[in-house]
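Structure file coords-v9.cif (mmCIF, N, CA and C atoms) is printed below.
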```
data_start
loop_
_atom_site.label_atom_id
_atom_site.label_comp_id
_atom_site.auth_asym_id
_atom_site.auth_seq_id
_atom_site.Cartn_x
_atom_site.Cartn_y
_atom_site.Cartn_z
N MET S 1 -57.85 -20.62 -4.63
CA MET S 1 -58.38 -19.79 -5.69
C MET S 1 -58.44 -18.32 -5.26
N PHE S 2 -58.98 -18.07 -4.05
CA PHE S 2 -59.18 -16.69 -3.60
C PHE S 2 -58.24 -16.29 -2.46
N GLN S 3 -57.32 -17.17 -2.07
CA GLN S 3 -56.48 -16.88 -0.91
C GLN S 3 -55.69 -15.59 -1.09
N ARG S 4 -55.25 -15.31 -2.29
CA ARG S 4 -54.49 -14.08 -2.54
C ARG S 4 -55.34 -12.85 -2.17
N ASN S 5 -56.62 -12.88 -2.51
CA ASN S 5 -57.50 -11.77 -2.18
C ASN S 5 -57.72 -11.67 -0.67
N ASP S 6 -57.81 -12.82 0.00
CA ASP S 6 -58.00 -12.81 1.44
C ASP S 6 -56.78 -12.20 2.14
N LYS S 7 -55.59 -12.54 1.66
CA LYS S 7 -54.37 -11.97 2.24
C LYS S 7 -54.30 -10.47 1.97
N ALA S 8 -54.80 -10.05 0.81
CA ALA S 8 -54.82 -8.61 0.50
C ALA S 8 -55.75 -7.88 1.46
N LEU S 9 -56.86 -8.49 1.82
CA LEU S 9 -57.78 -7.88 2.79
C LEU S 9 -57.09 -7.71 4.14
N LEU S 10 -56.39 -8.73 4.57
CA LEU S 10 -55.67 -8.65 5.85
C LEU S 10 -54.57 -7.59 5.78
N THR S 11 -53.85 -7.54 4.68
CA THR S 11 -52.80 -6.54 4.51
C THR S 11 -53.39 -5.13 4.52
N THR S 12 -54.51 -4.96 3.85
CA THR S 12 -55.18 -3.66 3.83
C THR S 12 -55.59 -3.25 5.23
N ARG S 13 -56.11 -4.20 6.00
CA ARG S 13 -56.52 -3.91 7.38
C ARG S 13 -55.33 -3.41 8.19
N ILE S 14 -54.22 -4.10 8.07
CA ILE S 14 -53.03 -3.72 8.84
C ILE S 14 -52.54 -2.33 8.42
N ILE S 15 -52.46 -2.10 7.12
CA ILE S 15 -51.98 -0.80 6.62
C ILE S 15 -52.89 0.34 7.08
N VAL S 16 -54.20 0.14 6.97
CA VAL S 16 -55.14 1.20 7.37
C VAL S 16 -55.01 1.49 8.86
N MET S 17 -54.90 0.47 9.68
CA MET S 17 -54.78 0.69 11.12
C MET S 17 -53.46 1.38 11.48
N VAL S 18 -52.37 1.04 10.78
CA VAL S 18 -51.09 1.70 11.02
C VAL S 18 -51.17 3.18 10.63
N ILE S 19 -51.79 3.46 9.48
CA ILE S 19 -51.93 4.85 9.03
C ILE S 19 -52.77 5.65 10.02
N ILE S 20 -53.85 5.06 10.50
CA ILE S 20 -54.68 5.75 11.49
C ILE S 20 -53.88 6.02 12.77
N GLY S 21 -53.08 5.03 13.19
CA GLY S 21 -52.25 5.22 14.38
C GLY S 21 -51.23 6.33 14.20
N ILE S 22 -50.60 6.36 13.05
CA ILE S 22 -49.62 7.43 12.76
C ILE S 22 -50.31 8.79 12.76
N PHE S 23 -51.47 8.87 12.12
CA PHE S 23 -52.21 10.14 12.09
C PHE S 23 -52.61 10.58 13.50
N ALA S 24 -52.99 9.63 14.34
CA ALA S 24 -53.37 9.96 15.72
C ALA S 24 -52.18 10.53 16.49
N VAL S 25 -51.03 9.90 16.35
CA VAL S 25 -49.83 10.38 17.04
C VAL S 25 -49.42 11.75 16.50
N LEU S 26 -49.46 11.91 15.18
CA LEU S 26 -49.09 13.21 14.60
C LEU S 26 -50.03 14.32 15.05
N SER S 27 -51.32 14.05 15.11
CA SER S 27 -52.25 15.09 15.55
C SER S 27 -52.00 15.47 17.00
N LEU S 28 -51.64 14.51 17.82
CA LEU S 28 -51.33 14.80 19.22
C LEU S 28 -50.06 15.64 19.32
N VAL S 29 -49.03 15.25 18.59
CA VAL S 29 -47.76 15.98 18.64
C VAL S 29 -47.93 17.40 18.09
N ILE S 30 -48.61 17.52 16.95
CA ILE S 30 -48.83 18.84 16.36
C ILE S 30 -49.66 19.72 17.29
N GLY S 31 -50.67 19.16 17.92
CA GLY S 31 -51.49 19.92 18.86
C GLY S 31 -50.69 20.42 20.05
N ILE S 32 -49.82 19.57 20.58
CA ILE S 32 -49.00 19.96 21.73
C ILE S 32 -47.99 21.03 21.31
N VAL S 33 -47.34 20.83 20.16
CA VAL S 33 -46.34 21.80 19.69
C VAL S 33 -46.99 23.16 19.44
N LEU S 34 -48.14 23.18 18.78
CA LEU S 34 -48.83 24.44 18.53
C LEU S 34 -49.31 25.09 19.82
N ALA S 35 -49.72 24.29 20.79
CA ALA S 35 -50.16 24.84 22.07
C ALA S 35 -49.00 25.50 22.80
N VAL S 36 -47.83 24.89 22.72
CA VAL S 36 -46.67 25.44 23.41
C VAL S 36 -46.12 26.66 22.66
N LEU S 37 -46.00 26.58 21.35
CA LEU S 37 -45.36 27.65 20.58
C LEU S 37 -46.29 28.81 20.24
N VAL S 38 -47.54 28.52 19.91
CA VAL S 38 -48.42 29.57 19.42
C VAL S 38 -49.36 30.05 20.53
N HIS S 39 -50.26 29.17 20.93
CA HIS S 39 -51.26 29.56 21.91
C HIS S 39 -51.80 28.28 22.57
N GLY S 40 -52.11 28.37 23.83
CA GLY S 40 -52.60 27.21 24.57
C GLY S 40 -53.88 26.62 24.02
N ALA S 41 -54.70 27.46 23.39
CA ALA S 41 -55.97 26.98 22.85
C ALA S 41 -55.76 26.10 21.62
N MET S 42 -54.57 26.11 21.04
CA MET S 42 -54.30 25.28 19.87
C MET S 42 -54.27 23.80 20.21
N PHE S 43 -54.28 23.48 21.51
CA PHE S 43 -54.28 22.08 21.94
C PHE S 43 -55.55 21.37 21.47
N ILE S 44 -56.57 22.16 21.15
CA ILE S 44 -57.82 21.59 20.65
C ILE S 44 -57.60 20.83 19.35
N ILE S 45 -56.55 21.18 18.60
CA ILE S 45 -56.22 20.48 17.36
C ILE S 45 -55.95 19.00 17.64
N ALA S 46 -55.31 18.74 18.77
CA ALA S 46 -55.04 17.35 19.13
C ALA S 46 -56.34 16.58 19.33
N PHE S 47 -57.31 17.19 20.01
CA PHE S 47 -58.58 16.52 20.24
C PHE S 47 -59.37 16.34 18.96
N VAL S 48 -59.33 17.35 18.10
CA VAL S 48 -60.03 17.23 16.81
C VAL S 48 -59.38 16.14 15.97
N GLY S 49 -58.06 16.09 15.96
CA GLY S 49 -57.34 15.05 15.23
C GLY S 49 -57.69 13.67 15.74
N TRP S 50 -57.74 13.51 17.08
CA TRP S 50 -58.08 12.21 17.66
C TRP S 50 -59.52 11.84 17.33
N PHE S 51 -60.41 12.83 17.31
CA PHE S 51 -61.80 12.54 16.96
C PHE S 51 -61.89 12.04 15.52
N PHE S 52 -61.20 12.69 14.60
CA PHE S 52 -61.23 12.25 13.21
C PHE S 52 -60.56 10.89 13.06
N CYS S 53 -59.53 10.63 13.84
CA CYS S 53 -58.91 9.30 13.82
C CYS S 53 -59.90 8.24 14.27
N TRP S 54 -60.64 8.55 15.32
CA TRP S 54 -61.65 7.60 15.80
C TRP S 54 -62.71 7.37 14.74
N LEU S 55 -63.20 8.44 14.10
CA LEU S 55 -64.19 8.28 13.03
C LEU S 55 -63.65 7.44 11.88
N LEU S 56 -62.43 7.73 11.48
CA LEU S 56 -61.80 6.97 10.41
C LEU S 56 -61.65 5.50 10.80
N TRP S 57 -61.26 5.24 12.04
CA TRP S 57 -61.12 3.87 12.53
C TRP S 57 -62.46 3.14 12.49
N VAL S 58 -63.54 3.80 12.94
CA VAL S 58 -64.87 3.18 12.94
C VAL S 58 -65.29 2.85 11.52
N PHE S 59 -65.17 3.80 10.61
CA PHE S 59 -65.58 3.55 9.23
C PHE S 59 -64.71 2.50 8.55
N ALA S 60 -63.42 2.51 8.84
CA ALA S 60 -62.53 1.50 8.25
C ALA S 60 -62.89 0.11 8.76
N ARG S 61 -63.12 -0.02 10.05
CA ARG S 61 -63.52 -1.33 10.61
C ARG S 61 -64.83 -1.79 10.03
N LEU S 62 -65.77 -0.88 9.90
CA LEU S 62 -67.08 -1.23 9.35
C LEU S 62 -66.94 -1.70 7.90
N TYR S 63 -66.21 -0.97 7.10
CA TYR S 63 -66.05 -1.32 5.69
C TYR S 63 -65.27 -2.63 5.54
N LEU S 64 -64.20 -2.79 6.31
CA LEU S 64 -63.43 -4.02 6.22
C LEU S 64 -64.23 -5.22 6.72
N SER S 65 -65.08 -5.03 7.71
CA SER S 65 -65.96 -6.11 8.17
C SER S 65 -66.95 -6.49 7.08
N TYR S 66 -67.44 -5.48 6.39
CA TYR S 66 -68.35 -5.72 5.26
C TYR S 66 -67.65 -6.55 4.19
N LEU S 67 -66.43 -6.17 3.83
CA LEU S 67 -65.68 -6.92 2.84
C LEU S 67 -65.38 -8.34 3.32
N CYS S 68 -65.07 -8.48 4.59
CA CYS S 68 -64.80 -9.79 5.15
C CYS S 68 -66.04 -10.68 5.07
N ASP S 69 -67.20 -10.13 5.38
CA ASP S 69 -68.43 -10.91 5.29
C ASP S 69 -68.67 -11.39 3.86
N ILE S 70 -68.43 -10.52 2.90
CA ILE S 70 -68.59 -10.91 1.51
C ILE S 70 -67.62 -12.04 1.16
N LYS S 71 -66.39 -11.91 1.63
CA LYS S 71 -65.40 -12.95 1.35
C LYS S 71 -65.76 -14.27 2.05
N LEU S 72 -66.29 -14.20 3.26
CA LEU S 72 -66.70 -15.42 3.95
C LEU S 72 -67.80 -16.14 3.18
N ILE S 73 -68.76 -15.37 2.71
CA ILE S 73 -69.85 -15.96 1.93
C ILE S 73 -69.31 -16.55 0.64
N ARG S 74 -68.45 -15.81 -0.03
CA ARG S 74 -67.86 -16.29 -1.27
C ARG S 74 -67.06 -17.57 -1.05
N ASN S 75 -66.25 -17.60 0.01
CA ASN S 75 -65.44 -18.78 0.29
C ASN S 75 -66.33 -19.99 0.60
N LYS S 76 -67.39 -19.76 1.34
CA LYS S 76 -68.30 -20.85 1.65
C LYS S 76 -68.98 -21.35 0.37
N LEU S 77 -69.37 -20.44 -0.50
CA LEU S 77 -70.02 -20.79 -1.76
C LEU S 77 -69.12 -21.67 -2.62
N TYR S 78 -67.83 -21.33 -2.68
CA TYR S 78 -66.89 -22.07 -3.51
C TYR S 78 -66.14 -23.16 -2.75
N GLY S 79 -66.48 -23.37 -1.49
CA GLY S 79 -65.85 -24.42 -0.71
C GLY S 79 -64.40 -24.15 -0.37
N GLU S 80 -64.04 -22.89 -0.28
CA GLU S 80 -62.67 -22.50 0.04
C GLU S 80 -62.50 -22.35 1.56
N SER S 81 -61.27 -22.40 2.00
CA SER S 81 -60.95 -22.24 3.41
C SER S 81 -61.01 -20.77 3.81
N ASN S 82 -61.32 -20.54 5.08
CA ASN S 82 -61.34 -19.18 5.63
C ASN S 82 -60.16 -18.92 6.56
N GLU S 83 -59.09 -19.69 6.40
CA GLU S 83 -57.93 -19.56 7.29
C GLU S 83 -57.32 -18.17 7.26
N ASP S 84 -57.29 -17.56 6.08
CA ASP S 84 -56.66 -16.25 5.96
C ASP S 84 -57.50 -15.14 6.58
N LEU S 85 -58.73 -15.45 6.94
CA LEU S 85 -59.61 -14.45 7.54
C LEU S 85 -59.77 -14.66 9.05
N GLU S 86 -58.90 -15.46 9.64
CA GLU S 86 -58.99 -15.78 11.06
C GLU S 86 -58.95 -14.54 11.95
N VAL S 87 -58.19 -13.53 11.57
CA VAL S 87 -58.10 -12.31 12.38
C VAL S 87 -59.48 -11.67 12.51
N PHE S 88 -60.22 -11.63 11.39
CA PHE S 88 -61.55 -11.04 11.42
C PHE S 88 -62.51 -11.92 12.21
N LEU S 89 -62.40 -13.25 12.03
CA LEU S 89 -63.30 -14.17 12.71
C LEU S 89 -63.10 -14.12 14.22
N LYS S 90 -61.85 -14.04 14.66
CA LYS S 90 -61.57 -13.96 16.10
C LYS S 90 -62.13 -12.69 16.70
N ALA S 91 -62.03 -11.59 15.97
CA ALA S 91 -62.57 -10.32 16.47
C ALA S 91 -64.08 -10.41 16.64
N LYS S 92 -64.77 -11.06 15.71
CA LYS S 92 -66.22 -11.22 15.83
C LYS S 92 -66.57 -12.11 17.00
N GLU S 93 -65.80 -13.19 17.21
CA GLU S 93 -66.06 -14.08 18.33
C GLU S 93 -65.86 -13.36 19.66
N GLU S 94 -64.82 -12.53 19.74
CA GLU S 94 -64.56 -11.80 20.98
C GLU S 94 -65.70 -10.83 21.30
N ARG S 95 -66.25 -10.18 20.26
CA ARG S 95 -67.37 -9.27 20.49
C ARG S 95 -68.61 -10.04 20.95
N SER S 96 -68.85 -11.22 20.37
CA SER S 96 -70.05 -11.97 20.74
C SER S 96 -69.92 -12.59 22.12
N ASN S 97 -68.69 -12.76 22.62
CA ASN S 97 -68.48 -13.32 23.95
C ASN S 97 -68.19 -12.25 25.00
N SER S 98 -68.39 -11.00 24.66
CA SER S 98 -68.11 -9.91 25.59
C SER S 98 -69.11 -9.94 26.74
N PRO S 99 -68.77 -9.36 27.89
CA PRO S 99 -69.69 -9.34 29.03
C PRO S 99 -71.02 -8.66 28.70
N VAL S 100 -71.00 -7.65 27.86
CA VAL S 100 -72.25 -6.96 27.50
C VAL S 100 -73.16 -7.91 26.73
N MET S 101 -72.59 -8.64 25.77
CA MET S 101 -73.39 -9.59 25.00
C MET S 101 -73.90 -10.72 25.88
N GLN S 102 -73.10 -11.16 26.84
CA GLN S 102 -73.54 -12.22 27.75
C GLN S 102 -74.71 -11.73 28.59
N GLU S 103 -74.64 -10.47 29.05
CA GLU S 103 -75.75 -9.91 29.83
C GLU S 103 -77.01 -9.83 29.00
N LYS S 104 -76.89 -9.44 27.75
CA LYS S 104 -78.05 -9.37 26.86
C LYS S 104 -78.67 -10.75 26.66
N LYS S 105 -77.81 -11.76 26.46
CA LYS S 105 -78.30 -13.12 26.27
C LYS S 105 -79.02 -13.60 27.52
N GLU S 106 -78.46 -13.30 28.68
CA GLU S 106 -79.09 -13.71 29.94
C GLU S 106 -80.44 -13.01 30.13
N ALA S 107 -80.52 -11.73 29.76
CA ALA S 107 -81.78 -11.00 29.88
C ALA S 107 -82.83 -11.58 28.94
N VAL S 108 -82.44 -11.94 27.73
CA VAL S 108 -83.38 -12.54 26.78
C VAL S 108 -83.85 -13.89 27.30
N ASN S 109 -82.93 -14.69 27.83
CA ASN S 109 -83.31 -16.00 28.37
C ASN S 109 -84.26 -15.86 29.55
N ALA S 110 -84.02 -14.87 30.41
CA ALA S 110 -84.91 -14.65 31.55
C ALA S 110 -86.30 -14.24 31.07
N GLU S 111 -86.34 -13.38 30.06
CA GLU S 111 -87.63 -12.95 29.52
C GLU S 111 -88.36 -14.12 28.86
N LEU S 112 -87.62 -14.98 28.17
CA LEU S 112 -88.25 -16.16 27.56
C LEU S 112 -88.82 -17.10 28.61
N GLU S 113 -88.10 -17.27 29.71
CA GLU S 113 -88.61 -18.09 30.81
C GLU S 113 -89.89 -17.49 31.39
N HIS S 114 -89.89 -16.18 31.54
CA HIS S 114 -91.07 -15.49 32.06
C HIS S 114 -92.26 -15.68 31.11
N LEU S 115 -92.02 -15.54 29.81
CA LEU S 115 -93.08 -15.75 28.83
C LEU S 115 -93.60 -17.19 28.87
N GLN S 116 -92.69 -18.14 29.06
CA GLN S 116 -93.10 -19.55 29.15
C GLN S 116 -94.01 -19.77 30.37
N GLN S 117 -93.68 -19.12 31.47
CA GLN S 117 -94.52 -19.22 32.67
C GLN S 117 -95.89 -18.61 32.42
N LEU S 118 -95.92 -17.46 31.74
CA LEU S 118 -97.20 -16.84 31.42
C LEU S 118 -98.04 -17.73 30.51
N LEU S 119 -97.39 -18.37 29.55
CA LEU S 119 -98.10 -19.28 28.65
C LEU S 119 -98.63 -20.49 29.41
N ASN S 120 -97.81 -21.05 30.28
CA ASN S 120 -98.23 -22.23 31.05
C ASN S 120 -99.37 -21.92 32.00
N SER S 121 -99.40 -20.71 32.54
CA SER S 121 -100.47 -20.34 33.47
C SER S 121 -101.72 -19.84 32.74
N GLY S 122 -101.64 -19.69 31.42
CA GLY S 122 -102.81 -19.30 30.65
C GLY S 122 -103.03 -17.80 30.56
N VAL S 123 -102.08 -17.00 31.00
CA VAL S 123 -102.22 -15.55 30.95
C VAL S 123 -102.13 -15.05 29.50
N ILE S 124 -101.26 -15.67 28.72
CA ILE S 124 -101.14 -15.29 27.31
C ILE S 124 -101.42 -16.52 26.44
N THR S 125 -101.81 -16.24 25.20
CA THR S 125 -102.09 -17.33 24.27
C THR S 125 -100.81 -17.78 23.59
N ASN S 126 -100.90 -18.90 22.90
CA ASN S 126 -99.74 -19.43 22.19
C ASN S 126 -99.28 -18.47 21.09
N GLU S 127 -100.24 -17.81 20.43
CA GLU S 127 -99.89 -16.85 19.38
C GLU S 127 -99.13 -15.66 19.95
N GLU S 128 -99.59 -15.15 21.12
CA GLU S 128 -98.88 -14.04 21.76
C GLU S 128 -97.48 -14.47 22.19
N TYR S 129 -97.39 -15.69 22.71
CA TYR S 129 -96.09 -16.21 23.13
C TYR S 129 -95.13 -16.27 21.95
N GLU S 130 -95.59 -16.84 20.84
CA GLU S 130 -94.74 -16.97 19.66
C GLU S 130 -94.33 -15.60 19.10
N LYS S 131 -95.26 -14.64 19.13
CA LYS S 131 -94.97 -13.30 18.63
C LYS S 131 -93.90 -12.63 19.49
N ARG S 132 -94.06 -12.68 20.80
CA ARG S 132 -93.07 -12.05 21.70
C ARG S 132 -91.73 -12.78 21.63
N LYS S 133 -91.79 -14.10 21.52
CA LYS S 133 -90.56 -14.88 21.43
C LYS S 133 -89.78 -14.51 20.17
N SER S 134 -90.49 -14.37 19.04
CA SER S 134 -89.80 -14.00 17.80
C SER S 134 -89.22 -12.59 17.89
N GLU S 135 -89.91 -11.68 18.58
CA GLU S 135 -89.39 -10.32 18.76
C GLU S 135 -88.11 -10.33 19.60
N LEU S 136 -88.10 -11.17 20.65
CA LEU S 136 -86.93 -11.25 21.52
C LEU S 136 -85.74 -11.90 20.83
N THR S 137 -85.99 -12.95 20.10
CA THR S 137 -84.87 -13.68 19.49
C THR S 137 -84.43 -13.10 18.16
N LYS S 138 -85.15 -12.12 17.66
CA LYS S 138 -84.79 -11.50 16.37
C LYS S 138 -83.43 -10.83 16.46
N GLY S 139 -83.07 -10.24 17.58
CA GLY S 139 -81.81 -9.52 17.73
C GLY S 139 -80.62 -10.42 17.92
N GLU S 140 -80.81 -11.70 18.17
CA GLU S 140 -79.67 -12.60 18.42
C GLU S 140 -79.00 -13.03 17.16
#
```
Please render this file's structure as structure tokens.
Amino acid sequence: MFQRNDKALLTTRIIVMVIIGIFAVLSLVIGIVLAVLVHGAMFIIAFVGWFFCWLLWVFARLYLSYLCDIKLIRNKLYGESNEDLEVFLKAKEERSNSPVMQEKKEAVNAELEHLQQLLNSGVITNEEYEKRKSELTKGE
């Protein structure tokens, strides 16, 4: 039912990323050409172009992720497959399995163990334990 829309989302993602890549290369080339032909300080155009490419890439990824989340919810609601959104799903899995995320999970687990020890020794009450535990696990 919605597979055509899911493929359009993937196509849009590819097109946007290619356009951003082309713009990044063009800004670099134009910056170098202007630096050589006009003035060395014109090389700053390349850095400004790359900065705007990075901003555009961040906003495009954010917006496309937002659309993907909506489509995932919609597909689940209607019992449709999410096969066409695998590219987005894999990217999310890779971010959640990154070393930084693993370190955060380990730190939360260590803090939970410490809180459990404090609770068992009577230093904190069960209400304090539950409150701190909910604060720690809220970010997961």
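The closest residue to Ala24 in chain S, picked from S:Val48, S:Ile70, S:Leu118, S:Ile124 and counting only C-alpha atoms, is S:Val48.
Separating atom N of Lys133 in chain S from atom C of Pro99 in chain S is a distance of 22.6 Å.
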(request) List the neighbours of Leu119 in chain S out to 12 Å using only C-alpha atoms; skip same-chain residues closer than 4 positions along the sequence, and give me the result as a ChimeraX atom specification. (result) /S:112-115,123-130,132-133
(request) Kindly give the distance, in Å, that separates CA of Ala60 in chain S and CA of Ile73 in chain S, rounded to a single decimal. (result) 20.0 Å
(request) Give the alpha helix (DSSP H) residues of chain S, as DSSP finds them on the backbone, and put them as a PyMOL selection string. (result) chain S and resi 3-37+44-78+86-96+99-121+126-137
(request) Give as number ranges by chain every residue, naming chains and numbers as the document does, that has an atom within 6 Å of (-52.5, 20.2, 15.7), counting all atoms listed in the file. (result) S: 27, 29-32, 45-46
(request) Work out how far CA of Gly49 in chain S is from CA of Leu10 in chain S, in Å to one decimal. (result) 25.5 Å
(message) Using only C-alpha atoms, which protein or nucleic acid residues come within 12 Å of Arg13 in chain S? Drop anything in the same chain fewer than 2 positions from it, and give the result as a VMD selection string.
(response) chain S and resid 6 to 11 15 to 20 57 59 to 65 67 to 68 85 87 to 88
Keeping only N, CA and C atoms, write those residues as a JSON list (two decimals), in the coordinates of the input.
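Listing of selection21.json after writing:
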```
[["chain", "number", "residue", "atom", "x", "y", "z"],
["S", 6, "ASP", "N", -57.81, -12.82, 0.00],
["S", 6, "ASP", "CA", -58.00, -12.81, 1.44],
["S", 6, "ASP", "C", -56.78, -12.20, 2.14],
["S", 7, "LYS", "N", -55.59, -12.54, 1.66],
["S", 7, "LYS", "CA", -54.37, -11.97, 2.24],
["S", 7, "LYS", "C", -54.30, -10.47, 1.97],
["S", 8, "ALA", "N", -54.80, -10.05, 0.81],
["S", 8, "ALA", "CA", -54.82, -8.61, 0.50],
["S", 8, "ALA", "C", -55.75, -7.88, 1.46],
["S", 9, "LEU", "N", -56.86, -8.49, 1.82],
["S", 9, "LEU", "CA", -57.78, -7.88, 2.79],
["S", 9, "LEU", "C", -57.09, -7.71, 4.14],
["S", 10, "LEU", "N", -56.39, -8.73, 4.57],
["S", 10, "LEU", "CA", -55.67, -8.65, 5.85],
["S", 10, "LEU", "C", -54.57, -7.59, 5.78],
["S", 11, "THR", "N", -53.85, -7.54, 4.68],
["S", 11, "THR", "CA", -52.80, -6.54, 4.51],
["S", 11, "THR", "C", -53.39, -5.13, 4.52],
["S", 15, "ILE", "N", -52.46, -2.10, 7.12],
["S", 15, "ILE", "CA", -51.98, -0.80, 6.62],
["S", 15, "ILE", "C", -52.89, 0.34, 7.08],
["S", 16, "VAL", "N", -54.20, 0.14, 6.97],
["S", 16, "VAL", "CA", -55.14, 1.20, 7.37],
["S", 16, "VAL", "C", -55.01, 1.49, 8.86],
["S", 17, "MET", "N", -54.90, 0.47, 9.68],
["S", 17, "MET", "CA", -54.78, 0.69, 11.12],
["S", 17, "MET", "C", -53.46, 1.38, 11.48],
["S", 18, "VAL", "N", -52.37, 1.04, 10.78],
["S", 18, "VAL", "CA", -51.09, 1.70, 11.02],
["S", 18, "VAL", "C", -51.17, 3.18, 10.63],
["S", 19, "ILE", "N", -51.79, 3.46, 9.48],
["S", 19, "ILE", "CA", -51.93, 4.85, 9.03],
["S", 19, "ILE", "C", -52.77, 5.65, 10.02],
["S", 20, "ILE", "N", -53.85, 5.06, 10.50],
["S", 20, "ILE", "CA", -54.68, 5.75, 11.49],
["S", 20, "ILE", "C", -53.88, 6.02, 12.77],
["S", 57, "TRP", "N", -61.26, 5.24, 12.04],
["S", 57, "TRP", "CA", -61.12, 3.87, 12.53],
["S", 57, "TRP", "C", -62.46, 3.14, 12.49],
["S", 59, "PHE", "N", -65.17, 3.80, 10.61],
["S", 59, "PHE", "CA", -65.58, 3.55, 9.23],
["S", 59, "PHE", "C", -64.71, 2.50, 8.55],
["S", 60, "ALA", "N", -63.42, 2.51, 8.84],
["S", 60, "ALA", "CA", -62.53, 1.50, 8.25],
["S", 60, "ALA", "C", -62.89, 0.11, 8.76],
["S", 61, "ARG", "N", -63.12, -0.02, 10.05],
["S", 61, "ARG", "CA", -63.52, -1.33, 10.61],
["S", 61, "ARG", "C", -64.83, -1.79, 10.03],
["S", 62, "LEU", "N", -65.77, -0.88, 9.90],
["S", 62, "LEU", "CA", -67.08, -1.23, 9.35],
["S", 62, "LEU", "C", -66.94, -1.70, 7.90],
["S", 63, "TYR", "N", -66.21, -0.97, 7.10],
["S", 63, "TYR", "CA", -66.05, -1.32, 5.69],
["S", 63, "TYR", "C", -65.27, -2.63, 5.54],
["S", 64, "LEU", "N", -64.20, -2.79, 6.31],
["S", 64, "LEU", "CA", -63.43, -4.02, 6.22],
["S", 64, "LEU", "C", -64.23, -5.22, 6.72],
["S", 65, "SER", "N", -65.08, -5.03, 7.71],
["S", 65, "SER", "CA", -65.96, -6.11, 8.17],
["S", 65, "SER", "C", -66.95, -6.49, 7.08],
["S", 67, "LEU", "N", -66.43, -6.17, 3.83],
["S", 67, "LEU", "CA", -65.68, -6.92, 2.84],
["S", 67, "LEU", "C", -65.38, -8.34, 3.32],
["S", 68, "CYS", "N", -65.07, -8.48, 4.59],
["S", 68, "CYS", "CA", -64.80, -9.79, 5.15],
["S", 68, "CYS", "C", -66.04, -10.68, 5.07],
["S", 85, "LEU", "N", -58.73, -15.45, 6.94],
["S", 85, "LEU", "CA", -59.61, -14.45, 7.54],
["S", 85, "LEU", "C", -59.77, -14.66, 9.05],
["S", 87, "VAL", "N", -58.19, -13.53, 11.57],
["S", 87, "VAL", "CA", -58.10, -12.31, 12.38],
["S", 87, "VAL", "C", -59.48, -11.67, 12.51],
["S", 88, "PHE", "N", -60.22, -11.63, 11.39],
["S", 88, "PHE", "CA", -61.55, -11.04, 11.42],
["S", 88, "PHE", "C", -62.51, -11.92, 12.21]]
```
